[in-house]
file query20.cif (mmCIF, C-alpha atoms)
data_start
loop_
_atom_site.label_atom_id
_atom_site.label_comp_id
_atom_site.auth_asym_id
_atom_site.auth_seq_id
_atom_site.Cartn_x
_atom_site.Cartn_y
_atom_site.Cartn_z
CA MET V 338 -0.72 1.29 -23.90
CA SER V 339 -2.84 -0.93 -26.15
CA THR V 340 -6.53 -1.09 -25.36
CA GLY V 341 -6.80 -4.73 -26.40
CA ALA V 342 -6.36 -6.59 -29.67
CA THR V 343 -9.95 -6.34 -30.86
CA SER V 344 -10.88 -2.80 -29.87
CA GLY V 345 -9.72 -1.21 -33.13
CA ARG V 346 -12.32 -3.17 -35.05
CA LEU V 347 -15.32 -2.64 -32.77
CA THR V 348 -18.59 -1.06 -33.83
CA PRO V 349 -19.82 1.82 -31.62
CA LYS V 350 -22.25 -0.60 -30.00
CA GLY V 351 -19.49 -3.14 -29.49
CA GLN V 352 -17.23 -0.51 -28.01
CA ALA V 353 -20.00 0.56 -25.61
CA THR V 354 -20.49 -3.05 -24.47
CA ARG V 355 -16.75 -3.50 -24.01
CA ASP V 356 -16.55 -0.25 -22.00
CA ARG V 357 -19.46 -1.36 -19.82
CA ILE V 358 -17.74 -4.68 -19.09
CA VAL V 359 -14.45 -2.97 -18.19
CA ALA V 360 -16.14 -0.40 -15.93
CA ALA V 361 -18.13 -3.12 -14.16
CA ALA V 362 -15.04 -5.31 -13.71
CA ALA V 363 -13.00 -2.34 -12.44
CA GLY V 364 -15.64 -1.53 -9.81
CA LEU V 365 -15.97 -5.13 -8.65
CA MET V 366 -12.20 -5.70 -8.56
CA PHE V 367 -11.65 -2.50 -6.57
CA GLU V 368 -14.25 -3.57 -4.01
CA GLY V 369 -13.67 -7.31 -3.90
CA GLY V 370 -10.22 -7.82 -5.40
CA VAL V 371 -9.29 -9.51 -8.66
CA ALA V 372 -9.36 -12.97 -7.06
CA GLY V 373 -12.75 -12.19 -5.51
CA THR V 374 -14.34 -11.15 -8.80
CA SER V 375 -15.98 -13.90 -10.83
CA THR V 376 -16.88 -13.76 -14.52
CA GLU V 377 -20.50 -14.30 -13.52
CA ASN V 378 -20.50 -11.20 -11.35
CA VAL V 379 -18.91 -9.11 -14.10
CA LEU V 380 -21.59 -10.27 -16.56
CA LYS V 381 -24.35 -9.44 -14.11
CA ALA V 382 -22.95 -6.00 -13.20
CA ALA V 383 -22.37 -5.13 -16.87
CA ARG V 384 -25.84 -6.40 -17.86
CA VAL V 385 -24.32 -8.77 -20.39
CA ALA V 386 -26.40 -11.88 -20.96
CA SER V 387 -23.95 -14.43 -22.27
CA PRO V 388 -20.38 -15.40 -21.31
CA SER V 389 -19.58 -15.65 -25.02
CA GLN V 390 -19.98 -11.87 -25.28
CA LEU V 391 -17.35 -11.41 -22.60
CA TYR V 392 -14.98 -13.82 -24.34
CA HIS V 393 -15.56 -11.99 -27.61
CA TYR V 394 -13.82 -8.95 -26.11
CA PHE V 395 -11.45 -10.60 -23.66
CA SER V 396 -9.80 -13.91 -24.38
CA ASP V 397 -9.28 -14.62 -20.67
CA LYS V 398 -9.37 -13.00 -17.23
CA ARG V 399 -5.79 -11.80 -17.78
CA ALA V 400 -6.91 -9.70 -20.76
CA LEU V 401 -9.77 -8.27 -18.72
CA VAL V 402 -7.38 -7.40 -15.88
CA GLN V 403 -5.14 -5.57 -18.33
CA ALA V 404 -8.11 -3.52 -19.54
CA VAL V 405 -9.02 -2.77 -15.91
CA ILE V 406 -5.48 -1.53 -15.22
CA GLU V 407 -5.78 0.84 -18.22
CA HIS V 408 -9.22 1.98 -17.09
CA GLN V 409 -8.06 2.69 -13.52
CA THR V 410 -4.93 4.45 -14.74
CA GLU V 411 -7.09 6.80 -16.79
CA SER V 412 -9.45 7.24 -13.87
CA VAL V 413 -6.71 8.05 -11.32
CA LEU V 414 -4.32 10.05 -13.50
CA GLY V 415 -7.24 11.65 -15.38
CA PHE V 416 -8.64 13.01 -12.11
CA GLN V 417 -5.23 14.36 -11.10
CA ARG V 418 -4.18 15.50 -14.61
CA PRO V 419 -5.12 19.20 -14.33
CA LEU V 420 -3.15 19.36 -11.07
CA LEU V 421 -0.30 17.09 -12.18
CA SER V 422 0.29 19.09 -15.34
CA ARG V 423 1.08 22.22 -13.28
CA LEU V 424 2.55 20.85 -10.08
CA ASP V 425 5.17 23.59 -10.21
CA SER V 426 4.75 25.67 -7.04
CA PHE V 427 4.29 25.04 -3.33
CA GLU V 428 0.72 26.28 -3.68
CA ALA V 429 0.13 23.72 -6.45
CA LEU V 430 1.66 20.92 -4.35
CA GLU V 431 -0.65 21.83 -1.48
CA ALA V 432 -3.68 22.06 -3.79
CA TRP V 433 -2.80 18.59 -5.14
CA ARG V 434 -2.63 17.21 -1.59
CA ASP V 435 -5.93 18.87 -0.70
CA ALA V 436 -7.65 17.51 -3.82
CA ILE V 437 -6.50 13.97 -3.05
CA VAL V 438 -7.60 14.21 0.58
CA GLY V 439 -10.87 15.84 -0.50
CA ALA V 440 -11.59 13.07 -2.99
CA GLN V 441 -11.21 10.45 -0.25
CA LEU V 442 -13.48 12.44 2.08
CA ALA V 443 -16.07 12.99 -0.67
CA ARG V 444 -16.43 9.25 -1.19
CA GLY V 445 -17.63 8.95 2.38
CA HIS V 446 -15.59 5.82 2.82
CA HIS V 447 -11.85 5.55 2.45
CA SER V 448 -11.13 3.10 -0.24
CA GLY V 449 -7.54 3.91 -1.04
CA CYS V 450 -6.04 3.93 -4.51
CA PRO V 451 -7.31 1.67 -7.33
CA ILE V 452 -3.76 1.42 -8.70
CA GLY V 453 -2.30 0.69 -5.27
CA SER V 454 -4.93 -1.98 -4.62
CA LEU V 455 -4.23 -3.71 -7.95
CA SER V 456 -0.54 -3.40 -7.22
CA ALA V 457 -0.78 -4.92 -3.74
CA GLU V 458 -2.82 -7.84 -5.05
CA LEU V 459 -1.12 -8.56 -8.37
CA SER V 460 2.56 -7.58 -8.09
CA ASP V 461 3.70 -10.93 -6.76
CA ARG V 462 1.25 -13.03 -8.76
CA ASP V 463 1.07 -11.59 -12.25
CA PRO V 464 4.40 -10.43 -13.71
CA ARG V 465 2.74 -8.76 -16.70
CA ALA V 466 0.33 -6.79 -14.51
CA ARG V 467 3.24 -5.84 -12.28
CA THR V 468 5.18 -4.47 -15.26
CA GLU V 469 2.15 -2.45 -16.40
CA LEU V 470 1.55 -1.08 -12.90
CA ALA V 471 5.23 -0.16 -12.53
CA ALA V 472 4.90 1.77 -15.81
CA VAL V 473 1.87 3.63 -14.43
CA TYR V 474 3.87 4.60 -11.34
CA GLY V 475 6.67 5.70 -13.68
CA LYS V 476 4.36 8.08 -15.59
CA TRP V 477 2.90 9.43 -12.37
CA GLU V 478 6.37 10.04 -10.89
CA GLU V 479 7.44 11.75 -14.12
CA ALA V 480 4.52 14.19 -13.95
CA ILE V 481 5.48 15.14 -10.38
CA ARG V 482 9.15 15.42 -11.34
CA ARG V 483 8.45 17.78 -14.25
CA GLY V 484 6.73 20.25 -11.91
CA LEU V 485 9.66 20.19 -9.48
CA GLU V 486 12.11 20.63 -12.37
CA ALA V 487 10.18 23.69 -13.48
CA MET V 488 10.44 25.10 -9.95
CA ARG V 489 14.18 24.50 -9.94
CA ASP V 490 14.61 25.94 -13.43
CA ARG V 491 12.79 29.11 -12.34
CA GLY V 492 15.00 29.35 -9.27
CA GLU V 493 12.18 28.62 -6.81
CA LEU V 494 14.06 25.53 -5.69
CA THR V 495 17.78 25.67 -5.02
CA GLU V 496 20.25 23.93 -7.33
CA ASP V 497 20.86 21.12 -4.84
CA ALA V 498 17.22 19.97 -5.09
CA ASP V 499 16.92 16.59 -6.84
CA PRO V 500 13.50 16.56 -8.57
CA GLY V 501 13.71 12.84 -9.37
CA TYR V 502 14.43 11.92 -5.75
CA LEU V 503 11.74 14.23 -4.39
CA ALA V 504 9.13 13.10 -6.95
CA LEU V 505 9.65 9.44 -6.10
CA ALA V 506 9.43 10.25 -2.38
CA LEU V 507 6.19 12.22 -2.90
CA LEU V 508 4.54 9.47 -4.96
CA THR V 509 5.63 6.76 -2.54
CA ALA V 510 4.36 8.80 0.40
CA LEU V 511 1.04 9.24 -1.40
CA GLN V 512 0.72 5.47 -1.92
CA GLY V 513 1.39 4.87 1.77
CA GLY V 514 -1.17 7.51 2.70
CA LEU V 515 -3.86 5.93 0.54
CA LEU V 516 -3.13 2.48 1.98
CA MET V 517 -3.30 3.80 5.56
CA ASN V 518 -6.48 5.64 4.68
CA GLN V 519 -8.19 2.31 4.10
CA ALA V 520 -7.02 0.75 7.35
CA ARG V 521 -7.68 3.82 9.49
CA GLN V 522 -10.83 5.00 7.74
CA ASP V 523 -9.69 8.58 8.15
CA THR V 524 -7.50 10.87 6.09
CA VAL V 525 -5.09 11.87 8.87
CA ALA V 526 -2.19 9.64 7.78
CA LEU V 527 -2.66 10.63 4.13
CA GLU V 528 -2.65 14.34 4.89
CA THR V 529 0.22 14.02 7.38
CA VAL V 530 2.57 12.15 5.07
CA LEU V 531 1.91 14.48 2.12
CA THR V 532 2.33 17.58 4.29
CA ALA V 533 5.55 16.23 5.78
CA MET V 534 6.92 15.42 2.33
CA ILE V 535 6.00 18.86 0.94
CA GLU V 536 7.84 20.30 3.97
CA ARG V 537 10.80 18.14 2.95
CA VAL V 538 10.68 19.77 -0.50
CA ARG V 539 10.59 23.19 1.19
CA ARG V 540 14.09 22.52 2.50
CA HIS V 541 15.14 23.52 -1.01
CA ALA V 542 12.92 26.60 -1.23
CA ALA V 543 14.95 29.56 -2.49
CA THR V 544 14.63 32.37 0.01
CA MET M 93 -4.75 -9.66 21.50
CA SER M 94 -6.40 -13.03 22.02
CA THR M 95 -4.87 -15.94 20.18
CA GLY M 96 -8.21 -17.62 19.60
CA ALA M 97 -10.92 -18.99 21.86
CA THR M 98 -9.61 -22.52 22.09
CA SER M 99 -5.87 -21.93 22.36
CA GLY M 100 -5.80 -21.76 26.15
CA ARG M 101 -7.00 -25.33 26.38
CA LEU M 102 -4.72 -26.91 23.80
CA THR M 103 -2.29 -29.74 24.48
CA PRO M 104 1.30 -29.12 23.32
CA LYS M 105 0.59 -31.31 20.29
CA GLY M 106 -2.63 -29.42 19.59
CA GLN M 107 -0.82 -26.10 19.90
CA ALA M 108 1.84 -27.30 17.48
CA THR M 109 -0.83 -28.31 14.95
CA ARG M 110 -2.60 -24.99 15.35
CA ASP M 111 0.69 -23.09 14.89
CA ARG M 112 1.46 -25.12 11.76
CA ILE M 113 -1.95 -24.29 10.30
CA VAL M 114 -1.55 -20.57 11.04
CA ALA M 115 1.99 -20.43 9.59
CA ALA M 116 0.87 -22.26 6.46
CA ALA M 117 -2.17 -20.01 6.03
CA ALA M 118 -0.05 -16.88 6.60
CA GLY M 119 2.41 -17.93 3.89
CA LEU M 120 -0.32 -18.81 1.39
CA MET M 121 -2.31 -15.62 2.08
CA PHE M 122 0.79 -13.46 1.73
CA GLU M 123 1.57 -15.05 -1.64
CA GLY M 124 -1.90 -15.56 -3.04
CA GLY M 125 -4.14 -13.27 -1.02
CA VAL M 126 -6.86 -14.22 1.45
CA ALA M 127 -9.43 -14.66 -1.32
CA GLY M 128 -6.97 -16.78 -3.30
CA THR M 129 -6.28 -19.17 -0.40
CA SER M 130 -8.55 -22.19 -0.11
CA THR M 131 -9.05 -24.34 2.96
CA GLU M 132 -7.79 -27.30 0.92
CA ASN M 133 -4.49 -25.56 0.21
CA VAL M 134 -4.04 -24.64 3.86
CA LEU M 135 -4.64 -28.27 4.88
CA LYS M 136 -2.14 -29.49 2.31
CA ALA M 137 0.55 -26.93 3.20
CA ALA M 138 0.10 -27.59 6.94
CA ARG M 139 0.14 -31.37 6.39
CA VAL M 140 -3.22 -31.72 8.12
CA ALA M 141 -5.24 -34.65 6.85
CA SER M 142 -8.81 -33.74 7.67
CA PRO M 143 -10.86 -30.53 7.40
CA SER M 144 -12.38 -31.34 10.79
CA GLN M 145 -8.97 -30.72 12.38
CA LEU M 146 -8.94 -27.23 10.89
CA TYR M 147 -12.46 -26.53 12.13
CA HIS M 148 -11.47 -27.78 15.58
CA TYR M 149 -9.11 -24.80 15.89
CA PHE M 150 -10.88 -22.24 13.71
CA SER M 151 -14.65 -22.04 13.49
CA ASP M 152 -14.48 -20.35 10.08
CA LYS M 153 -12.14 -18.64 7.64
CA ARG M 154 -12.68 -15.38 9.54
CA ALA M 155 -11.15 -16.90 12.70
CA LEU M 156 -8.22 -18.20 10.69
CA VAL M 157 -7.67 -14.76 9.16
CA GLN M 158 -7.62 -13.23 12.63
CA ALA M 159 -4.95 -15.70 13.72
CA VAL M 160 -2.98 -14.88 10.56
CA ILE M 161 -3.13 -11.15 11.37
CA GLU M 162 -1.73 -11.90 14.86
CA HIS M 163 0.95 -14.16 13.39
CA GLN M 164 2.05 -11.54 10.83
CA THR M 165 2.00 -8.78 13.43
CA GLU M 166 4.40 -10.79 15.56
CA SER M 167 6.52 -11.58 12.52
CA VAL M 168 6.78 -7.95 11.34
CA LEU M 169 6.98 -6.15 14.68
CA GLY M 170 9.06 -8.96 16.17
CA PHE M 171 11.68 -8.52 13.46
CA GLN M 172 11.75 -4.76 14.01
CA ARG M 173 11.41 -4.88 17.82
CA PRO M 174 15.09 -4.53 18.78
CA LEU M 175 15.29 -1.49 16.50
CA LEU M 176 11.85 -0.09 17.34
CA SER M 177 12.53 -0.22 21.06
CA ARG M 178 15.48 2.15 20.67
CA LEU M 179 14.55 4.30 17.70
CA ASP M 180 15.84 7.32 19.58
CA SER M 181 18.67 8.81 17.51
CA PHE M 182 19.28 9.67 13.86
CA GLU M 183 21.72 6.77 13.71
CA ALA M 184 18.99 4.45 15.00
CA LEU M 185 16.47 5.78 12.44
CA GLU M 186 18.97 5.16 9.67
CA ALA M 187 19.79 1.68 10.98
CA TRP M 188 16.04 0.91 11.05
CA ARG M 189 15.70 2.05 7.43
CA ASP M 190 18.73 -0.02 6.40
CA ALA M 191 17.42 -3.12 8.19
CA ILE M 192 14.05 -2.85 6.42
CA VAL M 193 15.67 -2.31 3.03
CA GLY M 194 18.14 -5.12 3.75
CA ALA M 195 15.34 -7.53 4.68
CA GLN M 196 13.63 -6.88 1.35
CA LEU M 197 16.90 -7.39 -0.53
CA ALA M 198 17.71 -10.55 1.43
CA ARG M 199 14.47 -12.17 0.34
CA GLY M 200 15.63 -11.91 -3.24
CA HIS M 201 12.18 -10.87 -4.32
CA HIS M 202 10.33 -7.82 -3.13
CA SER M 203 7.17 -8.94 -1.52
CA GLY M 204 6.21 -5.86 0.45
CA CYS M 205 4.69 -5.91 3.91
CA PRO M 206 2.48 -8.76 5.19
CA ILE M 207 0.46 -6.27 7.24
CA GLY M 208 0.13 -3.86 4.30
CA SER M 209 -0.96 -6.69 2.00
CA LEU M 210 -3.64 -7.86 4.43
CA SER M 211 -4.68 -4.26 4.90
CA ALA M 212 -5.00 -3.55 1.17
CA GLU M 213 -7.06 -6.70 0.65
CA LEU M 214 -9.25 -6.70 3.74
CA SER M 215 -9.82 -3.10 4.86
CA ASP M 216 -12.88 -2.54 2.67
CA ARG M 217 -14.25 -6.07 2.99
CA ASP M 218 -13.82 -7.17 6.57
CA PRO M 219 -14.53 -4.50 9.21
CA ARG M 220 -13.19 -6.62 12.06
CA ALA M 221 -9.93 -7.32 10.24
CA ARG M 222 -9.68 -3.63 9.41
CA THR M 223 -10.04 -2.70 13.09
CA GLU M 224 -7.36 -5.21 14.08
CA LEU M 225 -4.99 -3.98 11.37
CA ALA M 226 -5.57 -0.35 12.38
CA ALA M 227 -4.62 -1.36 15.94
CA VAL M 228 -1.40 -2.93 14.64
CA TYR M 229 -0.54 0.31 12.84
CA GLY M 230 -1.33 2.16 16.05
CA LYS M 231 1.19 0.07 18.05
CA TRP M 232 3.81 0.44 15.34
CA GLU M 233 3.33 4.22 15.22
CA GLU M 234 3.54 4.40 19.01
CA ALA M 235 6.89 2.61 19.05
CA ILE M 236 8.28 5.11 16.54
CA ARG M 237 6.78 8.03 18.46
CA ARG M 238 8.36 6.95 21.75
CA GLY M 239 11.84 7.08 20.19
CA LEU M 240 11.23 10.58 18.81
CA GLU M 241 9.86 11.71 22.16
CA ALA M 242 13.04 10.47 23.84
CA MET M 243 15.09 12.48 21.36
CA ARG M 244 13.05 15.59 22.10
CA ASP M 245 13.23 15.00 25.85
CA ARG M 246 17.01 14.74 25.64
CA GLY M 247 17.14 17.94 23.62
CA GLU M 248 18.30 16.23 20.42
CA LEU M 249 15.12 17.42 18.71
CA THR M 250 13.93 20.98 19.16
CA GLU M 251 10.79 21.76 21.18
CA ASP M 252 8.73 22.44 18.03
CA ALA M 253 9.14 18.82 16.85
CA ASP M 254 5.84 16.91 17.00
CA PRO M 255 6.74 13.24 17.61
CA GLY M 256 3.17 12.05 16.90
CA TYR M 257 3.05 13.81 13.56
CA LEU M 258 6.52 12.66 12.54
CA ALA M 259 5.91 9.06 13.67
CA LEU M 260 2.72 8.79 11.63
CA ALA M 261 4.51 10.28 8.61
CA LEU M 262 7.40 7.82 8.99
CA LEU M 263 5.14 4.77 9.29
CA THR M 264 2.95 5.88 6.38
CA ALA M 265 6.03 6.52 4.24
CA LEU M 266 7.28 3.03 5.12
CA GLN M 267 3.99 1.47 4.02
CA GLY M 268 4.17 3.32 0.72
CA GLY M 269 7.75 2.21 0.24
CA LEU M 270 6.90 -1.44 0.82
CA LEU M 271 3.97 -1.24 -1.61
CA MET M 272 6.13 0.38 -4.31
CA ASN M 273 8.79 -2.21 -3.64
CA GLN M 274 6.43 -4.88 -4.87
CA ALA M 275 5.44 -3.06 -8.04
CA ARG M 276 8.97 -1.92 -8.91
CA GLN M 277 10.81 -5.02 -7.72
CA ASP M 278 13.58 -2.84 -6.41
CA THR M 279 14.18 -1.06 -3.10
CA VAL M 280 14.80 2.41 -4.55
CA ALA M 281 11.39 3.89 -3.68
CA LEU M 282 11.49 2.34 -0.20
CA GLU M 283 14.93 3.71 0.57
CA THR M 284 14.13 7.10 -0.99
CA VAL M 285 10.93 7.72 0.94
CA LEU M 286 12.46 6.67 4.28
CA THR M 287 15.57 8.77 3.70
CA ALA M 288 13.48 11.80 2.71
CA MET M 289 11.30 11.39 5.80
CA ILE M 290 14.32 11.05 8.12
CA GLU M 291 15.63 14.24 6.50
CA ARG M 292 12.27 15.82 7.34
CA VAL M 293 12.82 14.84 11.00
CA ARG M 294 16.30 16.40 10.82
CA ARG M 295 14.66 19.77 10.33
CA HIS M 296 14.18 19.63 14.08
CA ALA M 297 17.71 18.47 14.91
CA ALA M 298 19.11 20.61 17.70
CA THR M 299 22.38 22.10 16.51
#

call {"tool": "encode", "arguments": {"input": "query20.cif", "output": "C-alpha cells"}}
result
Amino acid sequence: MSTGATSGRLTPKGQATRDRIVAAAAGLMFEGGVAGTSTENVLKAARVASPSQLYHYFSDKRALVQAVIEHQTESVLGFQRPLLSRLDSFEALEAWRDAIVGAQLARGHHSGCPIGSLSAELSDRDPRARTELAAVYGKWEEAIRRGLEAMRDRGELTEDADPGYLALALLTALQGGLLMNQARQDTVALETVLTAMIERVRRHAAT
Amino acid sequence: MSTGATSGRLTPKGQATRDRIVAAAAGLMFEGGVAGTSTENVLKAARVASPSQLYHYFSDKRALVQAVIEHQTESVLGFQRPLLSRLDSFEALEAWRDAIVGAQLARGHHSGCPIGSLSAELSDRDPRARTELAAVYGKWEEAIRRGLEAMRDRGELTEDADPGYLALALLTALQGGLLMNQARQDTVALETVLTAMIERVRRHAAT
C-alpha cells in the first residue's frame, strides 16, 4: 500500500510531523469515530499549530483516513505478526487466541479492533476505504490460511481440511469476538468464539 | 424496555409522529452513523417541520438514540423471532443461517447488522447505550441457548454439550459474519462462519 503521495519526498522532520498527525488521528478516530474526529482535534492532539501543516501532508480528510487505515493495519497485524507467521499447530492457534484475549485484558477496557471499528463505520460510506479494509482482511486471512496449510501438508490435519474455509471462519469469528468484547466489556465472548472455532479445526486433527 | 418517558401519554397522532421520527433516525444512523446524523436531517427525513416537535418527544439526542436502539432491536429480533423461537434442530439452525444470509442478499447491498453497527460506534462512547446493547445481545443469546437446550433435553445433543457456550459462540460468529459482510460486500464470510459453527455444534450430535 502507498503511504501517501508526498511521503517519499519528506525530510526526517517532515516525516516525524506526518507520523505524529497520523498517530493522533488514529487514536482519536478509534475512540470517537471518523465522523466524530475534527481536524481541530487532530491538530491539537498532534501538537501541530496550523491547519496548513495538516493540508501539506493530507489533501483532505479522505487522505488522512487512508493513512490511518495503513497505520492501524500495521499496528494490528504488526502485533500479531510473530504469531501469525507461525500459526501452524494447535498450540500456536491457542497461543494466538490467548495473546488476543490478553491484549484486550491488558488495556483495562475492551475497545475491540481498530480495523473492525473502521470497517463498521466506513464500509457503507466510503467505497475506497471499504476496498482497503477488505484487502487488510484478505492479508490477515491469508496469514491464518498459510499456517493451516502447513499443518495439512505435514499431515497434522487430514486431507479433507479446507484451510481457506477454516481461515475465513477463524478471522470472522475473531472479528465478532472483538465487537462483542466492546459491548459486553468482558472477554468471554471473544475467548468462547475463538475456542469453539479452534475446536472446529480439531475435527480435522490427524489422530 | 421503556419506550420513552412520554410515550404512554401520546395521542395516536403523537405516537405516529414519534414513530416516524424514530424510524427516520434509525435509517439515517444505520447509514451514516450516530455521529453523522444531525437533528436537521432527522427532521427532514421524518417530515417534521419544527425542532420543538422533536424535543417534545426526545429531550436530547441521547433519548433519541435509546429509542433507535429499541426500534432496531425489534427490527432485528422481530425478523428472526419465528426462527429463534424454534431453533431446536440442525435443520432449524441451518434455516436460520440461510434466512440471515438471504436477508443480506435480498437487500442488494451488504449493510451488516443494525445492532452491531450501533454497538461498534457507541460501546466506548456511551455507557448507557452500551448497557442496553449488551442486554439485547443477552436476549438474543438466550433465544439461541433455549433451542440448544431443547435439543439436549430431547437427546439430540449429547450430555456434554454446553448450550450456553455454544449459543454465545453462534451469536458472536454471526456478529463477525455481519461485520465482514459489510467490508467484503459478499456473504461468503457470513455463511462460512455460521456453517463452521453449526458444524461445531454437530460434534455433540447424538448418533

call {"tool": "resolve_selection", "arguments": {"input": "query20.cif", "expression": "the PyMOL selection byres ((chain V) within 8 of (chain M))", "output": "PyMOL selection string"}}
result
chain V and resi 368-370+372-373+448+453-454+456-458+460-462+467-468+470-471+502-503+505-507+509-514+516-517+519-521+526-527+529-530+533-534+536-537

call {"tool": "atom_distance", "arguments": {"input": "query20.cif", "atom1": "CA of Ala498 (chain V)", "atom2": "CA of His541 (chain V)"}}
result
5.8 Å

call {"tool": "closest_residue", "arguments": {"input": "query20.cif", "among": "V:Leu430, V:Leu424, V:Ala443, V:Ala362", "to": "Gln403 (chain V)", "atoms": "only C-alpha atoms"}}
result
V:Ala362

call {"tool": "closest_residue", "arguments": {"input": "query20.cif", "among": "M:Arg110, M:Lys153, M:Arg189, M:His163", "to": "Ala138 (chain M)", "atoms": "all atoms listed in the file"}}
result
M:Arg110

call {"tool": "atom_distance", "arguments": {"input": "query20.cif", "atom1": "CA of Gln172 (chain M)", "atom2": "CA of Trp188 (chain M)"}}
result
7.7 Å

call {"tool": "resolve_selection", "arguments": {"input": "query20.cif", "expression": "the PyMOL selection byres ((chain V and resi 384) around 12)", "output": "list in words"}}
result
Ala353, Thr354, Arg355, Asp356, Arg357, Ile358, Val359, Ala360, Ala361, Ala362, Glu377, Asn378, Val379, Leu380, Lys381, Ala382, Ala383, Val385, Ala386, Ser387, Pro388, Gln390 and Leu391 of chain V

call {"tool": "resolve_selection", "arguments": {"input": "query20.cif", "expression": "the PyMOL selection byres ((chain M and resi 236) around 8)", "output": "mmCIF file with C-alpha atoms, in the coordinates of the input"}}
result
data_model
loop_
_atom_site.group_PDB
_atom_site.id
_atom_site.type_symbol
_atom_site.label_atom_id
_atom_site.label_comp_id
_atom_site.auth_asym_id
_atom_site.auth_seq_id
_atom_site.Cartn_x
_atom_site.Cartn_y
_atom_site.Cartn_z
ATOM 1 C CA LEU M 176 11.850 -0.090 17.340
ATOM 2 C CA LEU M 179 14.550 4.300 17.700
ATOM 3 C CA TRP M 232 3.810 0.440 15.340
ATOM 4 C CA GLU M 233 3.330 4.220 15.220
ATOM 5 C CA GLU M 234 3.540 4.400 19.010
ATOM 6 C CA ALA M 235 6.890 2.610 19.050
ATOM 7 C CA ARG M 237 6.780 8.030 18.460
ATOM 8 C CA ARG M 238 8.360 6.950 21.750
ATOM 9 C CA GLY M 239 11.840 7.080 20.190
ATOM 10 C CA LEU M 240 11.230 10.580 18.810
ATOM 11 C CA ALA M 259 5.910 9.060 13.670
ATOM 12 C CA LEU M 263 5.140 4.770 9.290
#

call {"tool": "atom_distance", "arguments": {"input": "query20.cif", "atom1": "CA of Leu414 (chain V)", "atom2": "CA of Ala436 (chain V)"}}
result
12.7 Å

call {"tool": "closest_residue", "arguments": {"input": "query20.cif", "among": "V:Ala440, V:Leu365, V:Ala400, V:Ala542", "to": "Arg491 (chain V)", "atoms": "all atoms listed in the file"}}
result
V:Ala542

call {"tool": "build_atoms", "arguments": {"input": "query20.cif", "residues": "region 254-266 of chain M", "atoms": "N, CA, C and O atoms", "output": "compact mmCIF listing (two decimals), in the coordinates of the input"}}
result
# COMPACT_ATOMS: atom_id res chain seq x y z
N ASP M 254 7.06 17.59 16.56
CA ASP M 254 5.84 16.91 17.00
C ASP M 254 6.03 15.40 16.76
O ASP M 254 5.83 14.92 15.64
N PRO M 255 6.43 14.66 17.80
CA PRO M 255 6.74 13.24 17.61
C PRO M 255 5.57 12.44 17.04
O PRO M 255 5.78 11.53 16.24
N GLY M 256 4.33 12.77 17.42
CA GLY M 256 3.17 12.05 16.90
C GLY M 256 3.01 12.24 15.41
O GLY M 256 2.80 11.28 14.66
N TYR M 257 3.14 13.46 14.97
CA TYR M 257 3.05 13.81 13.56
C TYR M 257 4.16 13.12 12.76
O TYR M 257 3.91 12.48 11.72
N LEU M 258 5.38 13.22 13.27
CA LEU M 258 6.52 12.66 12.54
C LEU M 258 6.47 11.13 12.53
O LEU M 258 6.82 10.50 11.53
N ALA M 259 6.00 10.52 13.61
CA ALA M 259 5.91 9.06 13.67
C ALA M 259 4.89 8.55 12.66
O ALA M 259 5.13 7.56 11.95
N LEU M 260 3.75 9.21 12.59
CA LEU M 260 2.72 8.79 11.63
C LEU M 260 3.23 8.96 10.20
O LEU M 260 3.01 8.09 9.34
N ALA M 261 3.95 10.06 9.95
CA ALA M 261 4.51 10.28 8.61
C ALA M 261 5.54 9.20 8.27
O ALA M 261 5.55 8.67 7.16
N LEU M 262 6.38 8.85 9.23
CA LEU M 262 7.40 7.82 8.99
C LEU M 262 6.76 6.46 8.69
O LEU M 262 7.15 5.77 7.74
N LEU M 263 5.79 6.07 9.50
CA LEU M 263 5.14 4.77 9.29
C LEU M 263 4.39 4.73 7.95
O LEU M 263 4.45 3.74 7.22
N THR M 264 3.71 5.82 7.63
CA THR M 264 2.95 5.88 6.38
C THR M 264 3.90 5.84 5.18
O THR M 264 3.63 5.16 4.18
N ALA M 265 5.01 6.56 5.30
CA ALA M 265 6.03 6.52 4.24
C ALA M 265 6.56 5.09 4.06
O ALA M 265 6.71 4.61 2.93
N LEU M 266 6.80 4.42 5.18
CA LEU M 266 7.28 3.03 5.12
C LEU M 266 6.28 2.14 4.38
O LEU M 266 6.66 1.33 3.53
